[in-house]
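Asker: Sharing target.cif below, mmCIF, C-alpha atoms:
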```cif
data_run
#
loop_
_atom_site.label_atom_id
_atom_site.label_comp_id
_atom_site.auth_asym_id
_atom_site.auth_seq_id
_atom_site.Cartn_x
_atom_site.Cartn_y
_atom_site.Cartn_z
CA MET G 708 12.33 82.28 52.36
CA LYS G 709 15.06 84.87 52.36
CA VAL G 710 15.42 87.51 49.67
CA VAL G 711 19.07 88.08 48.81
CA LEU G 712 19.95 91.50 47.41
CA GLY G 713 23.07 92.72 45.70
CA SER G 714 24.31 95.54 43.56
CA ASP G 715 27.36 97.07 42.07
CA LYS G 716 28.06 100.80 42.45
CA SER G 717 25.57 101.69 39.70
CA GLY G 718 22.71 99.82 41.34
CA GLN G 719 23.34 100.78 44.97
CA SER G 720 20.67 103.48 45.27
CA LEU G 721 17.91 101.40 43.67
CA LYS G 722 18.95 98.34 45.66
CA ASN G 723 18.58 100.35 48.86
CA LYS G 724 15.02 101.32 47.89
CA ILE G 725 14.21 97.69 47.17
CA HIS G 726 15.70 96.67 50.52
CA GLU G 727 13.51 99.22 52.31
CA PHE G 728 10.38 98.00 50.48
CA LEU G 729 11.03 94.33 51.26
CA THR G 730 11.82 95.05 54.90
CA GLU G 731 8.60 97.06 55.28
CA LYS G 732 6.69 94.10 53.81
CA GLY G 733 8.21 91.79 56.41
CA TYR G 734 10.59 89.80 54.20
CA ASP G 735 13.81 88.41 55.62
CA VAL G 736 16.40 90.30 53.55
CA ILE G 737 20.10 89.56 53.15
CA ASP G 738 22.12 92.36 51.55
CA THR G 739 25.37 91.04 50.08
CA SER G 740 26.58 94.42 48.82
CA ASN G 741 29.75 95.85 50.18
CA GLU G 742 32.63 98.02 49.03
CA SER G 743 34.51 95.08 47.53
CA HIS G 744 31.62 94.48 45.12
CA GLU G 745 32.13 97.49 42.90
CA ASP G 746 31.98 95.19 39.87
CA PHE G 747 28.76 93.42 38.88
CA VAL G 748 30.57 90.09 38.48
CA ASP G 749 31.63 89.84 42.14
CA ALA G 750 28.33 91.28 43.35
CA THR G 751 26.29 88.80 41.31
CA LEU G 752 28.33 85.82 42.46
CA ALA G 753 27.76 86.87 46.08
CA VAL G 754 23.99 86.89 45.51
CA VAL G 755 24.04 83.54 43.68
CA SER G 756 26.06 81.95 46.48
CA LYS G 757 23.55 83.01 49.15
CA VAL G 758 20.52 82.06 47.02
CA GLN G 759 21.89 78.57 46.51
CA GLU G 760 22.28 78.02 50.27
CA ASP G 761 18.56 77.30 50.59
CA GLU G 762 16.09 76.12 47.96
CA SER G 763 13.50 78.64 49.13
CA ASN G 764 15.76 81.70 48.77
CA LEU G 765 15.27 84.23 45.99
CA GLY G 766 17.79 86.72 44.65
CA ILE G 767 17.66 90.21 43.19
CA MET G 768 20.69 91.86 41.61
CA VAL G 769 20.81 95.47 40.41
CA ASP G 770 23.48 96.89 38.14
CA ALA G 771 23.30 99.64 35.51
CA TYR G 772 21.53 97.62 32.81
CA GLY G 773 20.82 94.16 34.25
CA ALA G 774 22.38 92.31 31.34
CA GLY G 775 25.83 91.80 32.84
CA SER G 776 24.55 90.32 36.08
CA PHE G 777 22.17 88.10 34.13
CA MET G 778 25.08 86.70 32.11
CA VAL G 779 27.08 86.02 35.27
CA ALA G 780 24.21 84.36 37.15
CA THR G 781 23.36 82.01 34.31
CA LYS G 782 26.96 80.77 34.14
CA VAL G 783 26.49 79.12 37.54
CA LYS G 784 25.17 75.56 37.34
CA GLY G 785 21.68 75.24 38.75
CA MET G 786 20.90 78.95 38.75
CA ILE G 787 17.88 79.99 36.75
CA ALA G 788 17.85 83.77 36.44
CA ALA G 789 15.98 86.28 34.31
CA GLU G 790 16.75 89.83 33.32
CA VAL G 791 13.51 91.75 33.76
CA SER G 792 12.25 95.27 33.26
CA ASP G 793 8.51 94.76 33.74
CA GLU G 794 6.20 93.26 36.34
CA ARG G 795 4.66 90.59 34.11
CA SER G 796 8.01 89.09 33.14
CA ALA G 797 9.11 89.00 36.78
CA TYR G 798 5.93 87.20 37.80
CA MET G 799 5.91 84.79 34.85
CA THR G 800 9.55 83.78 35.19
CA ARG G 801 8.70 82.52 38.69
CA GLY G 802 5.57 80.73 37.49
CA HIS G 803 6.88 79.12 34.32
CA ASN G 804 10.66 78.93 34.75
CA ASN G 805 11.03 78.64 38.52
CA ALA G 806 13.58 81.45 38.32
CA ARG G 807 15.22 81.99 41.66
CA MET G 808 16.89 85.24 40.72
CA ILE G 809 16.15 88.35 38.73
CA THR G 810 18.46 91.05 37.51
CA MET G 811 17.52 94.58 36.56
CA GLY G 812 19.15 97.79 35.50
CA SER G 813 19.00 100.97 37.52
CA GLU G 814 19.41 102.91 34.27
CA ILE G 815 16.45 101.05 32.74
CA VAL G 816 13.77 100.96 35.44
CA GLY G 817 12.73 103.70 37.81
CA ASP G 818 12.08 103.33 41.51
CA GLU G 819 8.34 102.68 41.33
CA LEU G 820 8.62 100.17 38.50
CA ALA G 821 11.46 98.39 40.31
CA ILE G 822 9.31 98.01 43.42
CA ASN G 823 6.46 96.60 41.32
CA ILE G 824 8.87 94.18 39.62
CA VAL G 825 10.22 93.00 42.96
CA ASN G 826 6.73 92.56 44.39
CA ALA G 827 5.65 90.49 41.37
CA PHE G 828 8.75 88.32 41.65
CA VAL G 829 8.61 87.59 45.37
CA THR G 830 4.86 86.93 45.36
CA GLY G 831 4.98 84.70 42.28
CA LYS G 832 4.85 80.94 42.74
CA TYR G 833 6.18 78.17 40.53
CA ASP G 834 3.34 76.47 38.63
CA GLY G 835 5.14 73.15 38.12
CA GLY G 836 3.31 70.69 35.88
CA ARG G 837 4.12 71.03 32.20
CA HIS G 838 6.81 73.60 33.01
CA GLN G 839 8.94 71.08 34.93
CA ILE G 840 10.38 69.62 31.73
CA ARG G 841 11.81 73.03 30.81
CA VAL G 842 13.06 73.67 34.34
CA ASP G 843 14.84 70.28 34.36
CA MET G 844 16.48 71.15 31.05
CA LEU G 845 17.62 74.53 32.37
CA ASN G 846 19.02 72.98 35.54
CA LYS G 847 21.19 70.58 33.52
CA MET G 848 22.86 73.48 31.71
CA ALA G 849 25.85 75.62 32.69
#
```
Before we go any further, please render this structure as structure tokens.
Answerer:
Amino acid sequence: MKVVLGSDKSGQSLKNKIHEFLTEKGYDVIDTSNESHEDFVDATLAVVSKVQEDESNLGIMVDAYGAGSFMVATKVKGMIAAEVSDERSAYMTRGHNNARMITMGSEIVGDELAINIVNAFVTGKYDGGRHQIRVDMLNKMA
């Protein structure tokens, strides 16, 4: 599994902290951010593209509020993403929705909470079973 990170200008600092945390924990991290991704739309599409290269990849996108990147990610067919601002939602969206990407806002969550959110997301596992019906429905959309 690779964890794909991205941010626009507003999320750069928090994304860097997340990158450091994941690297320290031994995760294989791909950072898609660069100067051409000043806008959350381009930055989000870069993350989505890398996540979709391998079924085991997960993505994390940081912008100012998380909502914009969430809207972009969910426009891409086959991408299940969740905008999160707490650990429980990050964990549960993996377990129940098989979300492969989360978005969050650097103006919403602080550094410590963001790290906890990321940890919950990357350690969460899809439960399958009764949730597969919903996941199949989500995958047919967009």
Asker: I need the residue set behind the PyMOL selection byres ((chain G and resi 749) around 12) for this file; please write it as an MDAnalysis selection string.
Answerer: chainID G and resid 713:716 739:748 750:756 768 770 775:776 779:780
Asker: Considering all atoms listed in the file, can you say which of G:Gln839, G:Gln759, G:Ser720, G:Thr730 comes closest to Asp818 (chain G)?
Answerer: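 Among the listed residues, G:Ser720 lies closest to Asp818 (chain G).
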Asker: As a PyMOL selection string, please: the residues near Val711 (chain G) (cut-off 7 Å, only C-alpha atoms, same-chain neighbours under 6 positions excluded).
Answerer: chain G and resi 736-738+754+757-758+765-767
Asker: Can you turn the PyMOL selection byres ((chain G and resi 781-784) around 8) into a concrete residue list for this file, as a ChimeraX atom specification?
Answerer: /G:755,777-780,785-788,846-849
Asker: Here is a test: counting all atoms listed in the file, which residue of G:Met808, G:Ala827, G:Val769, G:Ile822 is nearest to Glu794 (chain G)?
Answerer: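 The shortest atom-to-atom distance to Glu794 (chain G) comes from G:Ala827.
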Asker: Would you kindly translate the PyMOL selection byres ((chain G and resi 723-725) around 8) into the concrete residues it picks from this file, as a ChimeraX atom specification?
Answerer: /G:719-722,726-729,818,821-822,825
Asker: I need the chosen residues saved as a compact mmCIF listing (two decimals), in the frame of the given file, with C-alpha atoms.
Answerer:
```txt
# COMPACT_ATOMS: atom_id res chain seq x y z
CA GLN G 719 23.34 100.78 44.97
CA SER G 720 20.67 103.48 45.27
CA LEU G 721 17.91 101.40 43.67
CA LYS G 722 18.95 98.34 45.66
CA HIS G 726 15.70 96.67 50.52
CA GLU G 727 13.51 99.22 52.31
CA PHE G 728 10.38 98.00 50.48
CA LEU G 729 11.03 94.33 51.26
CA ASP G 818 12.08 103.33 41.51
CA ALA G 821 11.46 98.39 40.31
CA ILE G 822 9.31 98.01 43.42
CA VAL G 825 10.22 93.00 42.96
```
Asker: Which one is closest to Arg841 (chain G): G:Val710, G:Ala806, G:Ile824, G:Val816? Count only C-alpha atoms.
Answerer: G:Ala806
Asker: Point out the residue among G:Glu760, G:Ala774, G:Tyr734, G:Ser796 with the least atom-to-atom distance to Asn823 (chain G), counting all atoms listed in the file.
Answerer: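 Checking each of G:Glu760, G:Ala774, G:Tyr734, G:Ser796 against Asn823 (chain G), counting all atoms listed in the file, the winner is G:Ser796.
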Asker: I need the residue nearest Gly835 (chain G) from this list: G:Asn805, G:Gly812, G:Lys709, G:Gly817. Use only C-alpha atoms for the distance.
Answerer: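 Closest residue, counting only C-alpha atoms: G:Asn805.
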Asker: CA of Tyr772 (chain G) and CA of Val791 (chain G), how far apart in Å?
Answerer: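 A separation of 10.0 Å between them.
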Asker: Gly831 (chain G): which residues within 6 Å, counting only C-alpha atoms, same-chain residues fewer than 3 positions away excluded, as a list in words?
Answerer: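 In the requested format, the answer is Tyr798, Arg801, Ala827 and Phe828 of chain G.
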Asker: How far is it from CA of Ala789 (chain G) to CA of Tyr833 (chain G), in Å with one decimal?
Answerer: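 Separation of CA of Ala789 (chain G) and CA of Tyr833 (chain G): 14.2 Å.
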Asker: Just checking: using all atoms listed in the file, which residue out of G:Glu790, G:His838, G:Gly718, G:Val829 ends up closest to Lys732 (chain G)?
Answerer: G:Val829
Asker: Draw an axis-aligned box tight on the listed atoms of region 824-843 of chain G, then pad every side by 6 Å and write out centre and edge lengths in Å to one decimal as JSON.
Answerer:
```
{"center_x": 9.1, "center_y": 81.9, "center_z": 38.1, "size_x": 23.5, "size_y": 36.6, "size_z": 26.6}
```
Asker: Just to confirm, what's the straight-line distance from CA of Asp793 (chain G) to CA of Glu814 (chain G) in Å (one decimal)?
Answerer: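 CA of Asp793 (chain G) sits 13.6 Å away from CA of Glu814 (chain G).
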